[in-house]
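Text of my_file14.txt (compact mmCIF, C-alpha atoms) as supplied:
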# COMPACT_ATOMS: atom_id res chain seq x y z
CA MET A 1 -93.82 76.75 -52.28
CA GLU A 2 -93.08 73.08 -51.64
CA ILE A 3 -93.97 70.88 -54.59
CA LYS A 4 -94.27 67.17 -54.06
CA VAL A 5 -94.59 64.82 -56.98
CA LEU A 6 -95.34 61.57 -55.21
CA LYS A 7 -94.36 59.14 -57.95
CA ASP A 8 -91.08 60.94 -58.56
CA ILE A 9 -90.40 61.18 -54.87
CA LEU A 10 -90.83 57.44 -54.48
CA SER A 11 -88.62 56.67 -57.46
CA VAL A 12 -85.89 59.03 -56.24
CA ASN A 13 -86.28 57.44 -52.82
CA GLU A 14 -85.85 53.97 -54.31
CA GLN A 15 -82.62 55.03 -56.04
CA MET A 16 -81.29 56.54 -52.81
CA ALA A 17 -82.27 53.39 -50.94
CA GLN A 18 -80.30 51.26 -53.36
CA ARG A 19 -77.33 53.58 -52.97
CA ASN A 20 -77.57 53.29 -49.18
CA ARG A 21 -77.66 49.51 -49.50
CA SER A 22 -74.52 49.49 -51.66
CA VAL A 23 -72.67 51.67 -49.16
CA LEU A 24 -73.75 49.44 -46.28
CA ASP A 25 -72.84 46.23 -48.10
CA SER A 26 -69.43 47.57 -49.06
CA LYS A 27 -68.74 48.25 -45.39
CA GLY A 28 -70.27 44.99 -44.13
CA VAL A 29 -72.99 46.77 -42.14
CA PHE A 30 -76.39 45.11 -41.63
CA MET A 31 -79.19 47.70 -41.31
CA MET A 32 -82.55 47.18 -39.58
CA ASN A 33 -85.48 49.61 -39.96
CA VAL A 34 -87.58 49.60 -36.78
CA MET A 35 -91.14 50.88 -37.21
CA SER A 36 -94.20 51.15 -34.96
CA SER A 37 -96.81 53.49 -33.52
CA PRO A 38 -95.63 56.08 -31.01
CA GLY A 39 -94.91 54.44 -27.67
CA SER A 40 -94.83 50.79 -28.77
CA GLY A 41 -91.30 50.39 -27.48
CA LYS A 42 -88.89 50.98 -30.36
CA THR A 43 -86.31 52.69 -28.16
CA SER A 44 -86.73 50.17 -25.35
CA LEU A 45 -86.22 47.20 -27.69
CA ILE A 46 -83.16 48.80 -29.28
CA LEU A 47 -81.73 49.62 -25.84
CA GLU A 48 -82.30 46.06 -24.63
CA THR A 49 -80.65 44.70 -27.78
CA VAL A 50 -77.65 47.00 -27.42
CA ARG A 51 -77.19 45.91 -23.80
CA ARG A 52 -77.33 42.21 -24.68
CA LEU A 53 -75.26 42.31 -27.84
CA LYS A 54 -72.76 45.11 -27.58
CA ASP A 55 -69.98 42.77 -26.49
CA ARG A 56 -70.62 40.48 -29.50
CA LEU A 57 -71.57 42.97 -32.23
CA ARG A 58 -70.56 46.54 -32.89
CA ILE A 59 -73.88 48.40 -32.96
CA GLY A 60 -74.85 51.88 -34.14
CA VAL A 61 -78.21 53.64 -34.01
CA VAL A 62 -79.89 56.35 -36.09
CA GLU A 63 -82.80 57.98 -34.26
CA GLY A 64 -85.62 59.53 -36.30
CA ASP A 65 -87.95 61.96 -34.56
CA ILE A 66 -90.03 64.93 -35.61
CA SER A 67 -88.38 66.86 -32.83
CA SER A 68 -86.35 66.31 -29.63
CA SER A 69 -83.34 64.10 -28.99
CA ILE A 70 -84.67 62.26 -25.94
CA ASP A 71 -84.24 58.82 -27.45
CA ALA A 72 -80.78 59.52 -28.87
CA GLU A 73 -79.65 60.63 -25.41
CA LYS A 74 -80.99 57.39 -23.87
CA ILE A 75 -79.16 55.28 -26.45
CA GLY A 76 -75.99 57.38 -26.21
CA ARG A 77 -75.65 56.46 -22.54
CA GLU A 78 -74.86 52.91 -23.68
CA ASN A 79 -71.71 54.23 -25.37
CA VAL A 80 -72.68 53.23 -28.90
CA PRO A 81 -72.54 55.68 -31.81
CA VAL A 82 -75.90 57.39 -32.29
CA VAL A 83 -77.03 59.96 -34.85
CA GLN A 84 -80.23 61.97 -34.42
CA ILE A 85 -82.38 62.95 -37.40
CA ASN A 86 -85.05 65.57 -36.67
CA THR A 87 -87.52 65.51 -39.55
CA GLY A 88 -89.03 68.86 -38.54
CA GLY A 89 -92.58 67.71 -39.27
CA GLU A 90 -92.18 64.86 -41.74
CA CYS A 91 -93.95 61.78 -40.47
CA HIS A 92 -91.41 59.26 -41.77
CA LEU A 93 -87.74 58.86 -42.62
CA ASP A 94 -86.72 58.65 -46.27
CA ALA A 95 -83.64 57.24 -47.96
CA GLY A 96 -82.13 60.69 -48.50
CA MET A 97 -82.24 61.44 -44.77
CA ILE A 98 -80.54 58.10 -44.12
CA SER A 99 -77.91 58.78 -46.77
CA ARG A 100 -76.97 62.03 -45.01
CA ALA A 101 -77.04 60.33 -41.61
CA LEU A 102 -74.73 57.55 -42.84
CA ASP A 103 -72.07 60.21 -43.43
CA SER A 104 -72.01 60.74 -39.66
CA VAL A 105 -72.02 57.06 -38.68
CA PRO A 106 -68.60 55.35 -38.28
CA LEU A 107 -69.53 52.54 -40.70
CA GLU A 108 -66.06 50.98 -40.58
CA ASP A 109 -66.55 50.28 -36.88
CA ILE A 110 -70.09 48.89 -37.02
CA ASP A 111 -71.65 45.49 -37.75
CA LEU A 112 -75.30 46.28 -37.08
CA LEU A 113 -77.12 49.59 -37.57
CA PHE A 114 -80.59 50.17 -36.14
CA ILE A 115 -82.76 52.87 -37.69
CA GLU A 116 -85.52 53.97 -35.31
CA ASN A 117 -88.16 55.41 -37.62
CA VAL A 118 -90.68 58.14 -36.65
CA GLY A 119 -93.51 56.67 -34.56
CA ASN A 120 -96.21 56.13 -37.16
CA LEU A 121 -97.94 52.97 -38.39
CA VAL A 122 -98.69 54.42 -41.83
CA CYS A 123 -96.19 56.46 -43.85
CA PRO A 124 -92.83 54.88 -42.87
CA GLY A 125 -93.99 51.70 -44.63
CA GLU A 126 -93.94 53.45 -48.00
CA PHE A 127 -90.29 54.48 -47.92
CA ASN A 128 -87.49 51.96 -48.30
CA LEU A 129 -84.32 53.18 -46.63
CA GLY A 130 -81.96 50.55 -48.04
CA GLU A 131 -82.39 48.37 -44.95
CA HIS A 132 -81.77 44.61 -44.91
CA ARG A 133 -84.74 43.91 -42.64
CA LYS A 134 -87.96 45.67 -41.63
CA ILE A 135 -88.98 45.21 -38.00
CA ILE A 136 -92.53 46.07 -36.97
CA ILE A 137 -93.35 46.40 -33.28
CA LEU A 138 -96.93 46.28 -32.02
CA SER A 139 -97.51 46.67 -28.30
CA VAL A 140 -100.23 44.71 -26.52
CA PRO A 141 -102.23 47.76 -25.31
CA GLU A 142 -102.68 48.92 -28.93
CA GLY A 143 -104.99 45.97 -29.54
CA ASP A 144 -104.93 42.92 -31.80
CA ASP A 145 -107.10 44.55 -34.50
CA LYS A 146 -104.35 46.88 -35.75
CA ILE A 147 -103.36 44.50 -38.53
CA TYR A 148 -106.74 45.07 -40.20
CA LYS A 149 -106.49 48.83 -39.92
CA TYR A 150 -102.84 49.28 -40.93
CA PRO A 151 -102.26 46.30 -43.23
CA LEU A 152 -99.30 47.67 -45.23
CA MET A 153 -96.97 47.65 -42.24
CA PHE A 154 -97.69 44.04 -41.37
CA ASN A 155 -97.48 43.05 -45.01
CA ILE A 156 -93.92 44.33 -45.48
CA ALA A 157 -92.54 43.15 -42.11
CA ASP A 158 -89.72 40.64 -41.87
CA VAL A 159 -90.54 40.19 -38.21
CA VAL A 160 -93.45 41.36 -36.06
CA VAL A 161 -92.50 41.90 -32.44
CA VAL A 162 -95.42 41.97 -30.02
CA ASN A 163 -94.06 44.03 -27.15
CA LYS A 164 -95.36 44.65 -23.59
CA VAL A 165 -96.65 41.07 -23.25
CA ASP A 166 -96.44 41.65 -19.48
CA LEU A 167 -99.66 43.64 -19.97
CA LEU A 168 -101.54 40.71 -21.60
CA PRO A 169 -103.42 39.87 -18.37
CA TYR A 170 -104.85 43.40 -18.23
CA THR A 171 -106.05 43.67 -21.83
CA SER A 172 -108.19 41.69 -24.28
CA PHE A 173 -105.31 41.14 -26.74
CA ASP A 174 -105.56 37.64 -28.27
CA PHE A 175 -102.06 36.61 -29.36
CA GLU A 176 -103.12 33.44 -31.23
CA SER A 177 -105.72 35.34 -33.23
CA PHE A 178 -103.26 38.15 -34.01
CA SER A 179 -100.48 35.77 -34.98
CA GLY A 180 -102.88 33.89 -37.29
CA ALA A 181 -103.92 37.15 -38.93
CA VAL A 182 -100.28 38.06 -39.58
CA LYS A 183 -99.67 34.66 -41.21
CA GLY A 184 -102.78 35.27 -43.33
CA ILE A 185 -101.25 38.30 -45.07
CA ASN A 186 -97.52 37.64 -44.66
CA GLN A 187 -96.17 34.09 -44.57
CA LYS A 188 -92.53 35.13 -44.24
CA ALA A 189 -92.82 37.22 -41.06
CA GLN A 190 -92.03 35.63 -37.75
CA VAL A 191 -94.17 36.83 -34.85
CA LEU A 192 -92.32 37.15 -31.56
CA GLN A 193 -93.59 37.96 -28.06
CA VAL A 194 -91.40 40.12 -25.86
CA SER A 195 -91.50 42.33 -22.79
CA CYS A 196 -88.73 44.86 -22.38
CA THR A 197 -89.95 45.32 -18.78
CA THR A 198 -89.73 41.68 -17.61
CA GLY A 199 -87.28 40.34 -20.21
CA GLN A 200 -89.74 37.70 -21.44
CA GLY A 201 -89.00 36.57 -25.00
CA ILE A 202 -85.88 38.72 -25.36
CA ASP A 203 -83.73 35.61 -25.89
CA ASP A 204 -85.85 34.66 -28.93
CA TRP A 205 -85.55 38.18 -30.27
CA ILE A 206 -81.77 38.19 -29.81
CA ALA A 207 -81.58 34.82 -31.57
CA TRP A 208 -83.58 36.24 -34.50
CA ILE A 209 -81.33 39.30 -34.77
CA THR A 210 -78.07 37.41 -34.56
CA GLY A 211 -79.38 34.83 -37.07
CA CYS A 212 -79.96 37.68 -39.55
CA VAL A 213 -76.60 39.35 -39.08
CA GLN A 214 -74.57 36.14 -39.28
CA ARG A 215 -76.20 35.02 -42.54
CA MET B 1 -99.06 60.87 -61.72
CA GLU B 2 -100.23 62.31 -58.43
CA ILE B 3 -99.07 65.89 -57.96
CA LYS B 4 -99.19 67.39 -54.50
CA VAL B 5 -98.65 71.07 -53.95
CA LEU B 6 -98.51 71.26 -50.20
CA LYS B 7 -99.22 74.94 -49.70
CA ASP B 8 -102.15 74.86 -52.11
CA ILE B 9 -103.49 71.69 -50.56
CA LEU B 10 -103.48 73.29 -47.14
CA SER B 11 -105.18 76.45 -48.40
CA VAL B 12 -107.86 74.47 -50.28
CA ASN B 13 -108.25 72.36 -47.13
CA GLU B 14 -108.75 75.50 -45.04
CA GLN B 15 -111.49 76.74 -47.38
CA MET B 16 -113.24 73.38 -47.28
CA ALA B 17 -112.93 73.33 -43.49
CA GLN B 18 -114.64 76.73 -43.27
CA ARG B 19 -117.40 75.47 -45.56
CA ASN B 20 -117.87 72.41 -43.37
CA ARG B 21 -118.11 74.65 -40.32
CA SER B 22 -120.78 76.82 -41.96
CA VAL B 23 -122.82 73.75 -42.88
CA LEU B 24 -122.52 72.39 -39.34
CA ASP B 25 -123.42 75.71 -37.72
CA SER B 26 -126.44 76.18 -39.97
CA LYS B 27 -127.70 72.78 -38.78
CA GLY B 28 -126.77 73.29 -35.13
CA VAL B 29 -124.30 70.39 -35.13
CA PHE B 30 -121.23 70.48 -32.86
CA MET B 31 -118.28 68.56 -34.37
CA MET B 32 -115.37 67.01 -32.44
CA ASN B 33 -112.19 65.74 -34.16
CA VAL B 34 -110.73 62.85 -32.16
CA MET B 35 -107.04 62.18 -32.80
CA SER B 36 -104.43 59.82 -31.34
CA SER B 37 -101.89 57.10 -32.11
CA PRO B 38 -103.24 53.73 -33.23
CA GLY B 39 -104.75 51.86 -30.31
CA SER B 40 -104.98 54.72 -27.79
CA GLY B 41 -108.72 54.21 -27.43
CA LYS B 42 -110.50 56.59 -29.83
CA THR B 43 -113.24 54.09 -30.63
CA SER B 44 -113.59 53.00 -27.00
CA LEU B 45 -113.96 56.59 -25.78
CA ILE B 46 -116.51 57.42 -28.49
CA LEU B 47 -118.45 54.22 -27.69
CA GLU B 48 -118.47 55.02 -23.98
CA THR B 49 -119.64 58.58 -24.72
CA VAL B 50 -122.41 57.37 -27.03
CA ARG B 51 -123.64 54.94 -24.36
CA ARG B 52 -123.67 57.62 -21.66
CA LEU B 53 -125.12 60.45 -23.72
CA LYS B 54 -127.35 59.01 -26.41
CA ASP B 55 -130.50 59.63 -24.36
CA ARG B 56 -129.55 63.30 -23.86
CA LEU B 57 -127.87 64.20 -27.16
CA ARG B 58 -128.39 62.97 -30.69
CA ILE B 59 -124.94 61.70 -31.70
CA GLY B 60 -123.41 60.75 -35.05
CA VAL B 61 -119.98 59.35 -35.86
CA VAL B 62 -117.68 59.50 -38.89
CA GLU B 63 -115.00 56.79 -38.80
CA GLY B 64 -111.71 57.41 -40.61
CA ASP B 65 -109.52 54.41 -41.39
CA ILE B 66 -106.98 53.52 -44.04
CA SER B 67 -108.92 50.30 -44.58
CA SER B 68 -111.55 48.10 -42.84
CA SER B 69 -114.84 49.05 -41.21
CA ILE B 70 -114.27 47.31 -37.87
CA ASP B 71 -114.77 50.45 -35.81
CA ALA B 72 -117.82 51.63 -37.76
CA GLU B 73 -119.46 48.25 -37.12
CA LYS B 74 -118.74 48.53 -33.39
CA ILE B 75 -120.26 52.01 -33.25
CA GLY B 76 -123.20 51.03 -35.47
CA ARG B 77 -124.30 48.45 -32.89
CA GLU B 78 -125.21 51.38 -30.62
CA ASN B 79 -127.85 52.44 -33.15
CA VAL B 80 -126.36 55.82 -33.92
CA PRO B 81 -125.71 57.00 -37.47
CA VAL B 82 -122.16 56.17 -38.55
CA VAL B 83 -120.35 56.85 -41.82
CA GLN B 84 -117.08 55.08 -42.72
CA ILE B 85 -114.34 56.86 -44.65
CA ASN B 86 -111.59 54.58 -46.01
CA THR B 87 -108.67 56.78 -46.97
CA GLY B 88 -107.02 54.00 -48.99
CA GLY B 89 -103.53 54.86 -47.78
CA GLU B 90 -103.77 58.50 -46.71
CA CYS B 91 -102.58 58.87 -43.14
CA HIS B 92 -105.08 61.55 -42.13
CA LEU B 93 -108.56 62.88 -42.89
CA ASP B 94 -108.92 66.16 -44.75
CA ALA B 95 -111.75 68.66 -44.98
CA GLY B 96 -112.79 67.44 -48.45
CA MET B 97 -113.29 63.89 -47.18
CA ILE B 98 -115.39 65.27 -44.33
CA SER B 99 -117.41 67.43 -46.72
CA ARG B 100 -118.34 64.33 -48.73
CA ALA B 101 -119.08 62.34 -45.57
CA LEU B 102 -121.38 65.10 -44.26
CA ASP B 103 -123.62 64.47 -47.27
CA SER B 104 -124.31 61.01 -45.83
CA VAL B 105 -124.84 62.13 -42.22
CA PRO B 106 -128.42 63.06 -41.19
CA LEU B 107 -127.35 66.47 -39.88
CA GLU B 108 -130.94 67.59 -39.13
CA ASP B 109 -131.19 64.78 -36.59
CA ILE B 110 -127.85 65.26 -34.84
CA ASP B 111 -126.51 67.51 -32.07
CA LEU B 112 -123.00 66.13 -31.73
CA LEU B 113 -120.80 64.61 -34.43
CA PHE B 114 -117.61 62.74 -33.59
CA ILE B 115 -114.93 62.40 -36.24
CA GLU B 116 -112.57 59.52 -35.48
CA ASN B 117 -109.41 60.42 -37.38
CA VAL B 118 -106.85 57.93 -38.72
CA GLY B 119 -104.61 56.63 -35.91
CA ASN B 120 -101.55 58.84 -36.28
CA LEU B 121 -99.96 61.36 -33.93
CA VAL B 122 -98.44 63.42 -36.76
CA CYS B 123 -100.31 64.31 -39.96
CA PRO B 124 -103.93 64.66 -38.74
CA GLY B 125 -102.81 67.69 -36.73
CA GLU B 126 -102.05 69.63 -39.92
CA PHE B 127 -105.54 69.38 -41.42
CA ASN B 128 -108.46 71.34 -40.01
CA LEU B 129 -111.75 69.61 -40.76
CA GLY B 130 -114.06 72.43 -39.67
CA GLU B 131 -114.43 70.93 -36.21
CA HIS B 132 -115.41 72.94 -33.12
CA ARG B 133 -113.00 71.09 -30.84
CA LYS B 134 -109.86 68.98 -31.20
CA ILE B 135 -109.58 66.06 -28.81
CA ILE B 136 -106.20 64.36 -28.36
CA ILE B 137 -106.05 61.01 -26.62
CA LEU B 138 -102.79 59.63 -25.23
CA SER B 139 -102.86 56.23 -23.58
CA VAL B 140 -100.73 55.47 -20.54
CA PRO B 141 -98.68 52.65 -22.14
CA GLU B 142 -97.46 55.04 -24.86
CA GLY B 143 -95.39 56.88 -22.25
CA ASP B 144 -95.35 60.41 -20.85
CA ASP B 145 -92.57 61.59 -23.20
CA LYS B 146 -94.80 61.70 -26.28
CA ILE B 147 -95.49 65.41 -25.87
CA TYR B 148 -91.82 66.18 -26.58
CA LYS B 149 -91.73 63.97 -29.67
CA TYR B 150 -95.08 64.96 -31.22
CA PRO B 151 -95.53 68.54 -29.96
CA LEU B 152 -97.92 69.80 -32.66
CA MET B 153 -100.75 67.52 -31.59
CA PHE B 154 -100.55 68.62 -27.97
CA ASN B 155 -100.20 72.23 -28.99
CA ILE B 156 -103.48 72.32 -30.97
CA ALA B 157 -105.54 70.25 -28.51
CA ASP B 158 -108.61 71.66 -26.78
CA VAL B 159 -108.52 68.73 -24.40
CA VAL B 160 -105.93 66.01 -23.77
CA VAL B 161 -107.49 62.77 -22.55
CA VAL B 162 -105.06 60.38 -20.87
CA ASN B 163 -106.72 57.00 -21.40
CA LYS B 164 -106.02 53.55 -19.86
CA VAL B 165 -105.19 55.01 -16.44
CA ASP B 166 -106.03 51.55 -15.07
CA LEU B 167 -102.58 50.58 -16.41
CA LEU B 168 -100.75 53.33 -14.44
CA PRO B 169 -99.60 50.84 -11.75
CA TYR B 170 -97.86 48.72 -14.40
CA THR B 171 -95.99 51.49 -16.22
CA SER B 172 -93.66 54.38 -15.41
CA PHE B 173 -96.10 57.05 -16.73
CA ASP B 174 -95.92 60.15 -14.49
CA PHE B 175 -99.24 61.97 -14.81
CA GLU B 176 -98.17 65.11 -12.90
CA SER B 177 -95.09 65.54 -15.04
CA PHE B 178 -97.05 64.96 -18.26
CA SER B 179 -99.83 67.32 -17.24
CA GLY B 180 -97.26 70.01 -16.39
CA ALA B 181 -95.60 69.57 -19.78
CA VAL B 182 -98.95 70.01 -21.55
CA LYS B 183 -99.57 73.26 -19.61
CA GLY B 184 -96.10 74.39 -20.64
CA ILE B 185 -96.98 74.42 -24.34
CA ASN B 186 -100.75 74.80 -24.25
CA GLN B 187 -102.46 76.75 -21.47
CA LYS B 188 -105.99 76.29 -22.82
CA ALA B 189 -106.06 72.47 -22.93
CA GLN B 190 -107.60 70.59 -20.04
CA VAL B 191 -105.91 67.29 -19.20
CA LEU B 192 -108.30 64.54 -18.14
CA GLN B 193 -107.61 61.03 -16.82
CA VAL B 194 -109.95 58.25 -17.94
CA SER B 195 -110.18 54.50 -18.23
CA CYS B 196 -112.71 53.10 -20.66
CA THR B 197 -112.13 49.71 -19.00
CA THR B 198 -112.92 50.67 -15.39
CA GLY B 199 -114.98 53.82 -16.03
CA GLN B 200 -112.60 55.98 -13.98
CA GLY B 201 -112.81 59.65 -14.94
CA ILE B 202 -115.57 59.15 -17.51
CA ASP B 203 -117.89 61.46 -15.55
CA ASP B 204 -115.37 64.32 -15.91
CA TRP B 205 -115.03 63.61 -19.62
CA ILE B 206 -118.82 63.61 -20.07
CA ALA B 207 -119.03 66.90 -18.16
CA TRP B 208 -116.40 68.41 -20.47
CA ILE B 209 -118.23 67.24 -23.60
CA THR B 210 -121.66 68.42 -22.49
CA GLY B 211 -120.17 71.74 -21.37
CA CYS B 212 -118.84 72.29 -24.90
CA VAL B 213 -122.04 71.36 -26.70
CA GLN B 214 -124.29 73.44 -24.46
CA ARG B 215 -122.23 76.60 -24.83
Before anything else, please render the file you have as structure tokens.
Amino acid sequence: MEIKVLKDILSVNEQMAQRNRSVLDSKGVFMMNVMSSPGSGKTSLILETVRRLKDRLRIGVVEGDISSSIDAEKIGRENVPVVQINTGGECHLDAGMISRALDSVPLEDIDLLFIENVGNLVCPGEFNLGEHRKIIILSVPEGDDKIYKYPLMFNIADVVVVNKVDLLPYTSFDFESFSGAVKGINQKAQVLQVSCTTGQGIDDWIAWITGCVQR
Amino acid sequence: MEIKVLKDILSVNEQMAQRNRSVLDSKGVFMMNVMSSPGSGKTSLILETVRRLKDRLRIGVVEGDISSSIDAEKIGRENVPVVQINTGGECHLDAGMISRALDSVPLEDIDLLFIENVGNLVCPGEFNLGEHRKIIILSVPEGDDKIYKYPLMFNIADVVVVNKVDLLPYTSFDFESFSGAVKGINQKAQVLQVSCTTGQGIDDWIAWITGCVQR
């Protein structure tokens, strides 16, 4: 029988997250936790970033999925170290899973580590992993009202990336209204527009990422 | 301190689900549990169905959201009874929440009750609500690989509705491949193509719904 004591789980998670952060800092690795709904473009944005930056930064990726290793295989083709976590049903990654994954990541040879969380706009927001930044992706076809329905995610974000802006002409997504709503609950988060299909806005995204890592 | 005993929770949930089903059957109400990622079009599909069918069937809606009542307000404008459940953080509806909501639904005056679950392709699949059918929506921009990454949802579906097919020309979604993959893990589920924007396929969806209710 599986017993979950939520408060204890979160406090154990917090301790593990701090341990992860110490390990990362001691190795000089900057870790980014990428979160979104299923299909918003986490893998595509990570792939695009790897392609643009792999000659300037040594990048690693941890892929979190309930099952399958489709995304890890895609990333692996770019010849960067990638570790797959299959949660086997859990709807989020936790700091303990990341701690075990870090054992398989060549931290000495990495500057920047992306964690692709399980596709879910709810639970991943509750679990710190020890990351330096939280990246939330929302894709245009999901609609600009998602901030009202899933406020936690947008509240904790360091950056909100609006992906698939090439689809703006075919949807009713109002970027100005969405961006204003983000500012209303989270003054610190930048809101970026990108399209991994057309390349629009990717330069701004790359500038944001490199600005974080170099600080 | 919140204590969760997962096995017990699921068994209590199952009992509540059976109770919900008995209540519904005694009142002649057919209940559909609509599940998908955030932004796949649950509200849009329910709205379209209400508009097409409200002269033939008496329809009610229960809206599940972590917070906000945006969707309930949209549905309410169609003059059908709607009850909002705010889960306050929980990433899915459970049978107990539905049991309490049913107390506020005029069951004597309803033939068909839609439950719009929380937008999440993981946890809602684990909780029976007492529904007669499970409807899974996947929207084209989410990508045709989602069945491999979130298999439970597609495994339990009675029907898989591929929404936003008007965006097929702008994405790499392969409907034949996706439909074949669904059949590979779930022979009973029909796979329908619809667009709530253009109306494409809505007739087939309405035929499926009315076929269920009349049986």
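As for atom CA of A:Val122 and atom CA of B:Ser104, they are spaced 26.8 Å apart.
Candidate residues B:Val140, B:Asp145, B:Asp25, B:Glu14 were compared for distance to A:Ser67, and the nearest is B:Asp145, using only C-alpha atoms.
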message: At a cut-off of 10 Å, which residues of chain B touch chain A? Count only C-alpha atoms and give the answer as a PyMOL selection string.
response: chain B and resi 1-8+36-41+65-71+86+89-92+118-123+126+138-152+164+166-167+170-171+197
query: Separation of atom CA of A:Leu102 and atom CA of A:Gly28, in Å?
result: 13.4 Å
field: B:Lys74 surroundings by all atoms listed in the file, 10 Å radius, close-in-sequence under 4 positions cut, as a PyMOL selection string
entry: chain B and resi 43-44+47+69-70+78-79+82
message: So that I can check the surroundings of A:Gln190, please list as a VMD selection string every protein, DNA and RNA residue that reaches within 12 Å of it, counting all atoms listed in the file and ignoring chain neighbours fewer than 3 positions away.
response: chain A and resid 134 to 137 154 to 162 179 to 180 182 to 183 186 to 187 193 204 to 205 208 to 209
- request: Quick one: pull the distance between atom CA of B:Leu107 and atom CA of B:Arg133, Å, one decimal.
  value: 17.6 Å
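Using all atoms listed in the file, the smallest distance between any of A:Glu48, A:Ile75, A:Asp55, A:Gly211 and A:Thr198 comes from A:Glu48.
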